[in-house]
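Here is the structure we will look at, set down as structure tokens.
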Amino acid sequence: MTHPYFEQVAVVGAGTMGNGIAQVFASRGSQVLLIDANDDALRKGLDNVRASLARVVKKEQLTQAAADAALARIKPSAKIADLGREMLVVEAVSERKDVKAAVFRELDAAASPDTILATNTSSISITEIGAFTRRADRVIGMHFMNPVPVMKLVEVIRGQDTSDQTTRTVMECSEALGKSPVEANDFPGFVSNRVLMPMINEAIFCLMEGVATREGIDTVMKLGMAHPMGPLALADLIGLDVCLDILEVLHKGLGDDKYRPCPLLRRYVAAGRLGRKSGKGFFDYQ
Ligand code: NAD
């Protein structure tokens, strides 16, 4: 691999996003230390990578030997203290500020001073995350989309003190992964969720006000706007609790009532209707 930051990387968090991120780096030749505090999550993360690589082999986009080599490049670990000479760390732990704070303090202490600490956060301020460390110039958002091996975009978000050099390196690394990075600044929701979530929220208002049925709303956006998936089905896929959390961040952070979460969304979340993961959201998945 050509980029020096690429040779050895670490990914913290082996969940939905972390195992996908580990897979794309390993597939492009990086040695990957995949860290998760939970043994079970680590095992499941590696199982997901294995299954995902098998699908790529089946589609004849990768040979079995290359898939085996990629998997062999991922080394699981339970501790951030196992960090070695990695120049780039991508954090993908749970979306809670207290958890990110603890992880970034630990990463700052364990990683070499030159190492870039990137975060995959969807909604927490990169500037605040940078302030948990003594290297805010080397802290940056590297926002991959789900599913990571398939989606081309990486939103690269600069915090208040992120340096030009850090930004350039992360843009180059994203390109070396075969992705298309887009640079953004640190405002709530960045670009992706600032544009997406109000659309989903408005679709929920349409449902609540009886403008159309749930199927009708999704069909309008699929057939009329060529969206591959309707906004209500997409909300179910993302998780209604996650959508609510992100809308709260937009509402609070931007201080504009146009981001207020729809009461129907609040009611669904309160009832435990969280979308696909709970079997029921705007649509039924049982
Ligand atoms: P997830 O819940 O699937 O995985 C999080 C993992 O972090 C878990 O395996 C957990 O064991 C681990 N973890 C928690 N605390 C830890 C710690 N202290 N040290 C090490 N590991 C720890 O979450 P996810 O959906 O993969 O999301 C991860 C991040 O990616 C979040 O910041 C989220 O906002 C962001 N994100 C998610 C999506 C998505 O569609 N799921 C899309 C873009 C960005």
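Naming works like this for the structure tokens: A, B, ... for the chains as they're shown, residue 1 at the start of each chain, ligands 1 onward in shown order.
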- Query: Hey, what does DSSP flag as helix (DSSP H, G or I) within region 188-226 of chain A? Can you give it to me as a PyMOL selection string?
  - Reply: chain A and resi 192-208+214-225
Region 97-202 of chain A residues near region 43-62 of chain A within 12 Å, closest pair each, using only C-alpha atoms, as a tab-separated table:
```
residue	atom	partner	partner_atom	distance
A:Pro147	CA	A:Ser52	CA	10.2
A:Val148	CA	A:Ser52	CA	10.6
A:Pro149	CA	A:Ser52	CA	8.4
A:Val150	CA	A:Val56	CA	10.2
```
For ligand 1, collect every residue having any atom at a distance of at most 7 Å from a ligand atom (counting only C-alpha atoms and all ligand atoms); output as a PDB file with C-alpha atoms, in the first residue's frame.
```pdb
ATOM      1  CA  VAL A  12     -11.847   0.833  17.869  1.00  0.00           C
ATOM      2  CA  GLY A  13     -15.326  -0.699  18.101  1.00  0.00           C
ATOM      3  CA  ALA A  14     -16.159  -3.897  16.176  1.00  0.00           C
ATOM      4  CA  GLY A  15     -19.914  -3.251  15.803  1.00  0.00           C
ATOM      5  CA  THR A  16     -21.937  -2.473  12.667  1.00  0.00           C
ATOM      6  CA  MET A  17     -19.550   0.216  11.438  1.00  0.00           C
ATOM      7  CA  GLY A  18     -16.245  -0.883  12.984  1.00  0.00           C
ATOM      8  CA  ILE A  35     -10.257  -3.361  19.270  1.00  0.00           C
ATOM      9  CA  ASP A  36     -13.498  -3.897  21.166  1.00  0.00           C
ATOM     10  CA  ALA A  37     -14.006  -3.969  24.923  1.00  0.00           C
ATOM     11  CA  ASN A  38     -16.647  -6.685  24.517  1.00  0.00           C
ATOM     12  CA  ALA A  41     -18.804  -8.071  19.900  1.00  0.00           C
ATOM     13  CA  LEU A  42     -15.254  -8.755  18.713  1.00  0.00           C
ATOM     14  CA  ALA A  92     -16.381   3.561  15.903  1.00  0.00           C
ATOM     15  CA  VAL A  93     -17.604   2.913  19.461  1.00  0.00           C
ATOM     16  CA  SER A  94     -21.139   3.581  20.677  1.00  0.00           C
ATOM     17  CA  GLU A  95     -22.567   7.048  19.978  1.00  0.00           C
ATOM     18  CA  VAL A  99     -17.944   6.701  26.005  1.00  0.00           C
ATOM     19  CA  ALA A 102     -13.074   7.870  27.807  1.00  0.00           C
ATOM     20  CA  VAL A 103     -11.907   6.207  24.583  1.00  0.00           C
ATOM     21  CA  ASN A 120     -16.852   7.869  12.830  1.00  0.00           C
ATOM     22  CA  THR A 121     -19.386   9.776  14.952  1.00  0.00           C
ATOM     23  CA  SER A 122     -22.655  10.697  13.217  1.00  0.00           C
ATOM     24  CA  SER A 123     -23.535  13.652  15.390  1.00  0.00           C
ATOM     25  CA  HIS A 143     -17.741   9.460   8.688  1.00  0.00           C
ATOM     26  CA  PHE A 144     -18.299   6.229   6.773  1.00  0.00           C
ATOM     27  CA  MET A 145     -21.780   5.214   5.613  1.00  0.00           C
ATOM     28  CA  ASN A 146     -23.544   1.932   6.296  1.00  0.00           C
ATOM     29  CA  ILE A 238     -31.271   3.480  10.592  1.00  0.00           C
TER      30      ILE A 238
END
```
- Message: Among region 39-257 of chain A, which residues does DSSP mark as strand (DSSP E or B) when it is run on the backbone? Keep the chain and numbering as in the structure and answer as a ChimeraX atom specification.
- Response: /A:74-77,88-91,116-119,139-144,153-158,180-185
- If you count only C-alpha atoms, which residues fall within 7 Å of Ser125 (chain A), apart from same-chain ones fewer than 3 positions away, as a list in words? Glu128, Ile129, Asp186 and Pro188 of chain A
- Message: For Leu250 (chain A), find every residue with an atom within 10 Å (counting only C-alpha atoms), except residues of its own chain fewer than 3 positions away, and show them as a ChimeraX atom specification.
- Response: /A:123,187-190,193-194,197-198,244-247,253-261
So that I have them on file, write out the residues from the current selection with N, CA and C atoms, as an mmCIF file, in the first residue's frame.
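Written out: part01.cif:
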```
data_model
loop_
_atom_site.group_PDB
_atom_site.id
_atom_site.type_symbol
_atom_site.label_atom_id
_atom_site.label_comp_id
_atom_site.auth_asym_id
_atom_site.auth_seq_id
_atom_site.Cartn_x
_atom_site.Cartn_y
_atom_site.Cartn_z
ATOM 1 N N SER A 123 -22.905 12.412 14.928
ATOM 2 C CA SER A 123 -23.535 13.652 15.390
ATOM 3 C C SER A 123 -22.796 14.385 16.505
ATOM 4 N N PHE A 187 -20.286 21.420 11.994
ATOM 5 C CA PHE A 187 -21.568 21.964 12.447
ATOM 6 C C PHE A 187 -22.475 20.767 12.726
ATOM 7 N N PRO A 188 -23.455 20.913 13.624
ATOM 8 C CA PRO A 188 -24.284 19.759 13.986
ATOM 9 C C PRO A 188 -24.850 19.012 12.777
ATOM 10 N N GLY A 189 -24.646 17.688 12.780
ATOM 11 C CA GLY A 189 -25.162 16.832 11.704
ATOM 12 C C GLY A 189 -24.309 16.850 10.448
ATOM 13 N N PHE A 190 -23.256 17.677 10.425
ATOM 14 C CA PHE A 190 -22.393 17.835 9.237
ATOM 15 C C PHE A 190 -23.283 18.097 8.010
ATOM 16 N N ASN A 193 -26.392 14.197 7.770
ATOM 17 C CA ASN A 193 -27.586 14.113 8.620
ATOM 18 C C ASN A 193 -28.363 15.418 8.679
ATOM 19 N N ARG A 194 -27.707 16.531 8.411
ATOM 20 C CA ARG A 194 -28.430 17.814 8.410
ATOM 21 C C ARG A 194 -29.444 17.866 7.258
ATOM 22 N N MET A 197 -31.964 14.029 7.860
ATOM 23 C CA MET A 197 -32.901 13.880 8.982
ATOM 24 C C MET A 197 -34.141 14.787 8.878
ATOM 25 N N PRO A 198 -34.001 16.055 8.447
ATOM 26 C CA PRO A 198 -35.219 16.851 8.277
ATOM 27 C C PRO A 198 -36.172 16.242 7.231
ATOM 28 N N LEU A 244 -34.101 9.919 16.258
ATOM 29 C CA LEU A 244 -34.542 10.881 17.282
ATOM 30 C C LEU A 244 -33.331 11.569 17.927
ATOM 31 N N ASP A 245 -32.317 10.773 18.268
ATOM 32 C CA ASP A 245 -31.109 11.349 18.894
ATOM 33 C C ASP A 245 -30.479 12.401 17.978
ATOM 34 N N ILE A 246 -30.389 12.097 16.693
ATOM 35 C CA ILE A 246 -29.723 13.024 15.765
ATOM 36 C C ILE A 246 -30.565 14.295 15.596
ATOM 37 N N LEU A 247 -31.889 14.133 15.542
ATOM 38 C CA LEU A 247 -32.748 15.329 15.443
ATOM 39 C C LEU A 247 -32.612 16.212 16.686
ATOM 40 N N GLY A 253 -28.325 22.004 18.790
ATOM 41 C CA GLY A 253 -27.085 22.606 18.297
ATOM 42 C C GLY A 253 -27.312 23.792 17.369
ATOM 43 N N LEU A 254 -28.383 23.740 16.584
ATOM 44 C CA LEU A 254 -28.625 24.824 15.628
ATOM 45 C C LEU A 254 -29.675 25.796 16.141
ATOM 46 N N GLY A 255 -30.395 25.398 17.214
ATOM 47 C CA GLY A 255 -31.324 26.306 17.885
ATOM 48 C C GLY A 255 -32.493 26.756 17.018
ATOM 49 N N ASP A 256 -32.855 25.934 16.047
ATOM 50 C CA ASP A 256 -33.938 26.331 15.139
ATOM 51 C C ASP A 256 -35.059 25.289 15.238
ATOM 52 N N ASP A 257 -36.296 25.766 15.429
ATOM 53 C CA ASP A 257 -37.415 24.834 15.610
ATOM 54 C C ASP A 257 -37.730 24.014 14.366
ATOM 55 N N LYS A 258 -37.141 24.400 13.249
ATOM 56 C CA LYS A 258 -37.422 23.567 12.062
ATOM 57 C C LYS A 258 -36.862 22.145 12.228
ATOM 58 N N TYR A 259 -35.983 21.954 13.207
ATOM 59 C CA TYR A 259 -35.417 20.613 13.446
ATOM 60 C C TYR A 259 -36.143 19.849 14.556
ATOM 61 N N ARG A 260 -37.243 20.402 15.098
ATOM 62 C CA ARG A 260 -37.911 19.730 16.220
ATOM 63 C C ARG A 260 -38.382 18.337 15.800
ATOM 64 N N PRO A 261 -38.075 17.317 16.624
ATOM 65 C CA PRO A 261 -38.494 15.969 16.248
ATOM 66 C C PRO A 261 -40.018 15.858 16.248
#
```
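Each of A:Ile200, A:Ile124, A:Ile217, A:Ile116 was checked against Asp98 (chain A) using only C-alpha atoms; the smallest atom-to-atom distance is that of A:Ile124.
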- Of the listed residues A:Pro4, A:Ala131, A:Asn201, A:Leu232, that which approaches Gly216 (chain A) most closely, counting only C-alpha atoms: A:Leu232
Could you give me, as a PDB file with all heavy atoms, in the first residue's frame, the residues within 9 Å of Val89 (chain A), counting only C-alpha atoms and dropping anything in the same chain fewer than 4 positions from it?
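Wrote it out as selection.pdb, contents follow:
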```pdb
ATOM      1  N   VAL A   9      -3.166   0.259  10.758  1.00  0.00           N
ATOM      2  CA  VAL A   9      -4.231   1.111  11.308  1.00  0.00           C
ATOM      3  C   VAL A   9      -4.915   0.367  12.452  1.00  0.00           C
ATOM      4  O   VAL A   9      -4.785  -0.855  12.582  1.00  0.00           O
ATOM      5  CB  VAL A   9      -5.284   1.508  10.246  1.00  0.00           C
ATOM      6  CG1 VAL A   9      -4.654   2.197   9.051  1.00  0.00           C
ATOM      7  CG2 VAL A   9      -6.086   0.292   9.792  1.00  0.00           C
ATOM      8  N   ALA A  10      -5.614   1.129  13.281  1.00  0.00           N
ATOM      9  CA  ALA A  10      -6.420   0.496  14.322  1.00  0.00           C
ATOM     10  C   ALA A  10      -7.852   0.983  14.167  1.00  0.00           C
ATOM     11  O   ALA A  10      -8.084   2.132  13.772  1.00  0.00           O
ATOM     12  CB  ALA A  10      -5.888   0.842  15.706  1.00  0.00           C
ATOM     13  N   VAL A  11      -8.798   0.099  14.455  1.00  0.00           N
ATOM     14  CA  VAL A  11     -10.214   0.456  14.459  1.00  0.00           C
ATOM     15  C   VAL A  11     -10.730   0.116  15.851  1.00  0.00           C
ATOM     16  O   VAL A  11     -10.529  -1.009  16.326  1.00  0.00           O
ATOM     17  CB  VAL A  11     -10.993  -0.329  13.379  1.00  0.00           C
ATOM     18  CG1 VAL A  11     -12.478   0.008  13.430  1.00  0.00           C
ATOM     19  CG2 VAL A  11     -10.430  -0.039  11.985  1.00  0.00           C
ATOM     20  N   VAL A  12     -11.333   1.085  16.511  1.00  0.00           N
ATOM     21  CA  VAL A  12     -11.847   0.833  17.869  1.00  0.00           C
ATOM     22  C   VAL A  12     -13.362   0.733  17.796  1.00  0.00           C
ATOM     23  O   VAL A  12     -14.033   1.679  17.366  1.00  0.00           O
ATOM     24  CB  VAL A  12     -11.436   1.953  18.850  1.00  0.00           C
ATOM     25  CG1 VAL A  12     -11.789   1.542  20.281  1.00  0.00           C
ATOM     26  CG2 VAL A  12      -9.957   2.253  18.736  1.00  0.00           C
ATOM     27  N   LEU A 107      -6.927   6.725  24.040  1.00  0.00           N
ATOM     28  CA  LEU A 107      -6.187   6.693  22.766  1.00  0.00           C
ATOM     29  C   LEU A 107      -5.064   7.724  22.779  1.00  0.00           C
ATOM     30  O   LEU A 107      -3.951   7.455  22.319  1.00  0.00           O
ATOM     31  CB  LEU A 107      -7.136   6.998  21.597  1.00  0.00           C
ATOM     32  CG  LEU A 107      -8.073   5.873  21.160  1.00  0.00           C
ATOM     33  CD1 LEU A 107      -9.071   6.394  20.115  1.00  0.00           C
ATOM     34  CD2 LEU A 107      -7.293   4.686  20.593  1.00  0.00           C
ATOM     35  N   ALA A 111      -1.493   6.146  21.972  1.00  0.00           N
ATOM     36  CA  ALA A 111      -1.010   6.239  20.580  1.00  0.00           C
ATOM     37  C   ALA A 111       0.220   7.139  20.505  1.00  0.00           C
ATOM     38  O   ALA A 111       0.393   8.044  21.337  1.00  0.00           O
ATOM     39  CB  ALA A 111      -2.111   6.805  19.689  1.00  0.00           C
ATOM     40  N   THR A 115       0.200  10.055  15.659  1.00  0.00           N
ATOM     41  CA  THR A 115      -0.949   9.295  15.153  1.00  0.00           C
ATOM     42  C   THR A 115      -2.190  10.168  15.022  1.00  0.00           C
ATOM     43  O   THR A 115      -2.496  10.965  15.905  1.00  0.00           O
ATOM     44  CB  THR A 115      -1.216   8.096  16.092  1.00  0.00           C
ATOM     45  OG1 THR A 115      -0.058   7.279  16.083  1.00  0.00           O
ATOM     46  CG2 THR A 115      -2.423   7.287  15.662  1.00  0.00           C
ATOM     47  N   ILE A 116      -2.899   9.989  13.914  1.00  0.00           N
ATOM     48  CA  ILE A 116      -4.175  10.699  13.705  1.00  0.00           C
ATOM     49  C   ILE A 116      -5.296   9.882  14.355  1.00  0.00           C
ATOM     50  O   ILE A 116      -5.386   8.666  14.153  1.00  0.00           O
ATOM     51  CB  ILE A 116      -4.455  10.872  12.193  1.00  0.00           C
ATOM     52  CG1 ILE A 116      -3.435  11.844  11.594  1.00  0.00           C
ATOM     53  CG2 ILE A 116      -5.888  11.336  11.942  1.00  0.00           C
ATOM     54  CD1 ILE A 116      -3.563  12.028  10.095  1.00  0.00           C
ATOM     55  N   LEU A 117      -6.123  10.557  15.127  1.00  0.00           N
ATOM     56  CA  LEU A 117      -7.272   9.900  15.763  1.00  0.00           C
ATOM     57  C   LEU A 117      -8.534  10.378  15.046  1.00  0.00           C
ATOM     58  O   LEU A 117      -8.942  11.529  15.184  1.00  0.00           O
ATOM     59  CB  LEU A 117      -7.333  10.264  17.256  1.00  0.00           C
ATOM     60  CG  LEU A 117      -6.066   9.988  18.079  1.00  0.00           C
ATOM     61  CD1 LEU A 117      -6.282  10.390  19.548  1.00  0.00           C
ATOM     62  CD2 LEU A 117      -5.668   8.508  17.993  1.00  0.00           C
ATOM     63  N   ALA A 118      -9.130   9.473  14.255  1.00  0.00           N
ATOM     64  CA  ALA A 118     -10.339   9.828  13.505  1.00  0.00           C
ATOM     65  C   ALA A 118     -11.551   9.231  14.204  1.00  0.00           C
ATOM     66  O   ALA A 118     -11.453   8.181  14.827  1.00  0.00           O
ATOM     67  CB  ALA A 118     -10.231   9.290  12.080  1.00  0.00           C
ATOM     68  N   THR A 119     -12.688   9.907  14.095  1.00  0.00           N
ATOM     69  CA  THR A 119     -13.918   9.380  14.687  1.00  0.00           C
ATOM     70  C   THR A 119     -14.995   9.210  13.627  1.00  0.00           C
ATOM     71  O   THR A 119     -15.105  10.046  12.720  1.00  0.00           O
ATOM     72  CB  THR A 119     -14.443  10.285  15.826  1.00  0.00           C
ATOM     73  OG1 THR A 119     -15.750   9.817  16.212  1.00  0.00           O
ATOM     74  CG2 THR A 119     -14.556  11.748  15.417  1.00  0.00           C
TER      75      THR A 119
END
```
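When CA of Arg105 (chain A) is paired with CA of Leu177 (chain A), their separation reads 27.2 Å.
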- Item | Selection: 10 Å around Ser163 (chain A), only C-alpha atoms, excl. self and same-chain fewer than 6 positions, as a list in words | Ala136, Asp137, Arg138, Val139 and Ile140 of chain A
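Nearest-residue note for Lys152 (chain A): choosing from A:Pro181, A:Val195, A:Gly29, A:Arg135, the minimum distance belongs to A:Pro181, counting only C-alpha atoms.
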- Spatial neighbours of Val170 (chain A), 10 Å, only C-alpha atoms, chain gap at least 2 places, as a ChimeraX atom specification: /A:5-6,88,116,118,140-142,154,156-157,165-168,172-176,181,183
Could you turn the residues from that selection into a file that holds C-alpha atoms, as a PDB file, in the first residue's frame?
```pdb
ATOM      1  CA  TYR A   5      -0.638   6.073   7.175  1.00  0.00           C
ATOM      2  CA  PHE A   6      -2.237   3.036   5.635  1.00  0.00           C
ATOM      3  CA  LEU A  88      -4.207   6.140  11.937  1.00  0.00           C
ATOM      4  CA  ILE A 116      -4.175  10.699  13.705  1.00  0.00           C
ATOM      5  CA  ALA A 118     -10.339   9.828  13.505  1.00  0.00           C
ATOM      6  CA  ILE A 140     -10.842  14.548  12.646  1.00  0.00           C
ATOM      7  CA  GLY A 141     -14.194  13.099  11.583  1.00  0.00           C
ATOM      8  CA  MET A 142     -14.047  10.155   9.165  1.00  0.00           C
ATOM      9  CA  VAL A 154     -16.605   9.290   3.447  1.00  0.00           C
ATOM     10  CA  VAL A 156     -14.297  14.120   6.309  1.00  0.00           C
ATOM     11  CA  ILE A 157     -15.057  16.636   9.044  1.00  0.00           C
ATOM     12  CA  GLN A 165      -2.096  18.236   7.030  1.00  0.00           C
ATOM     13  CA  THR A 166      -4.382  15.923   9.023  1.00  0.00           C
ATOM     14  CA  THR A 167      -7.239  16.718   6.638  1.00  0.00           C
ATOM     15  CA  ARG A 168      -5.084  16.063   3.577  1.00  0.00           C
ATOM     16  CA  GLU A 172      -5.807  10.656   0.724  1.00  0.00           C
ATOM     17  CA  CYS A 173      -6.370   7.589   2.898  1.00  0.00           C
ATOM     18  CA  SER A 174     -10.089   7.628   2.040  1.00  0.00           C
ATOM     19  CA  GLU A 175      -9.234   7.728  -1.663  1.00  0.00           C
ATOM     20  CA  ALA A 176      -6.759   4.886  -1.192  1.00  0.00           C
ATOM     21  CA  PRO A 181     -14.247  11.697   0.427  1.00  0.00           C
ATOM     22  CA  GLU A 183     -14.693  17.689   3.200  1.00  0.00           C
TER      23      GLU A 183
END
```
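CA of Arg96 (chain A) to CA of Met151 (chain A) spans 24.0 Å [interatomic distance, one decimal].
Between Gly178 (chain A) and the residues A:Lys100, A:Arg273, A:Arg28, A:Arg85, the shortest atom-to-atom distance, using only C-alpha atoms, involves A:Arg28.
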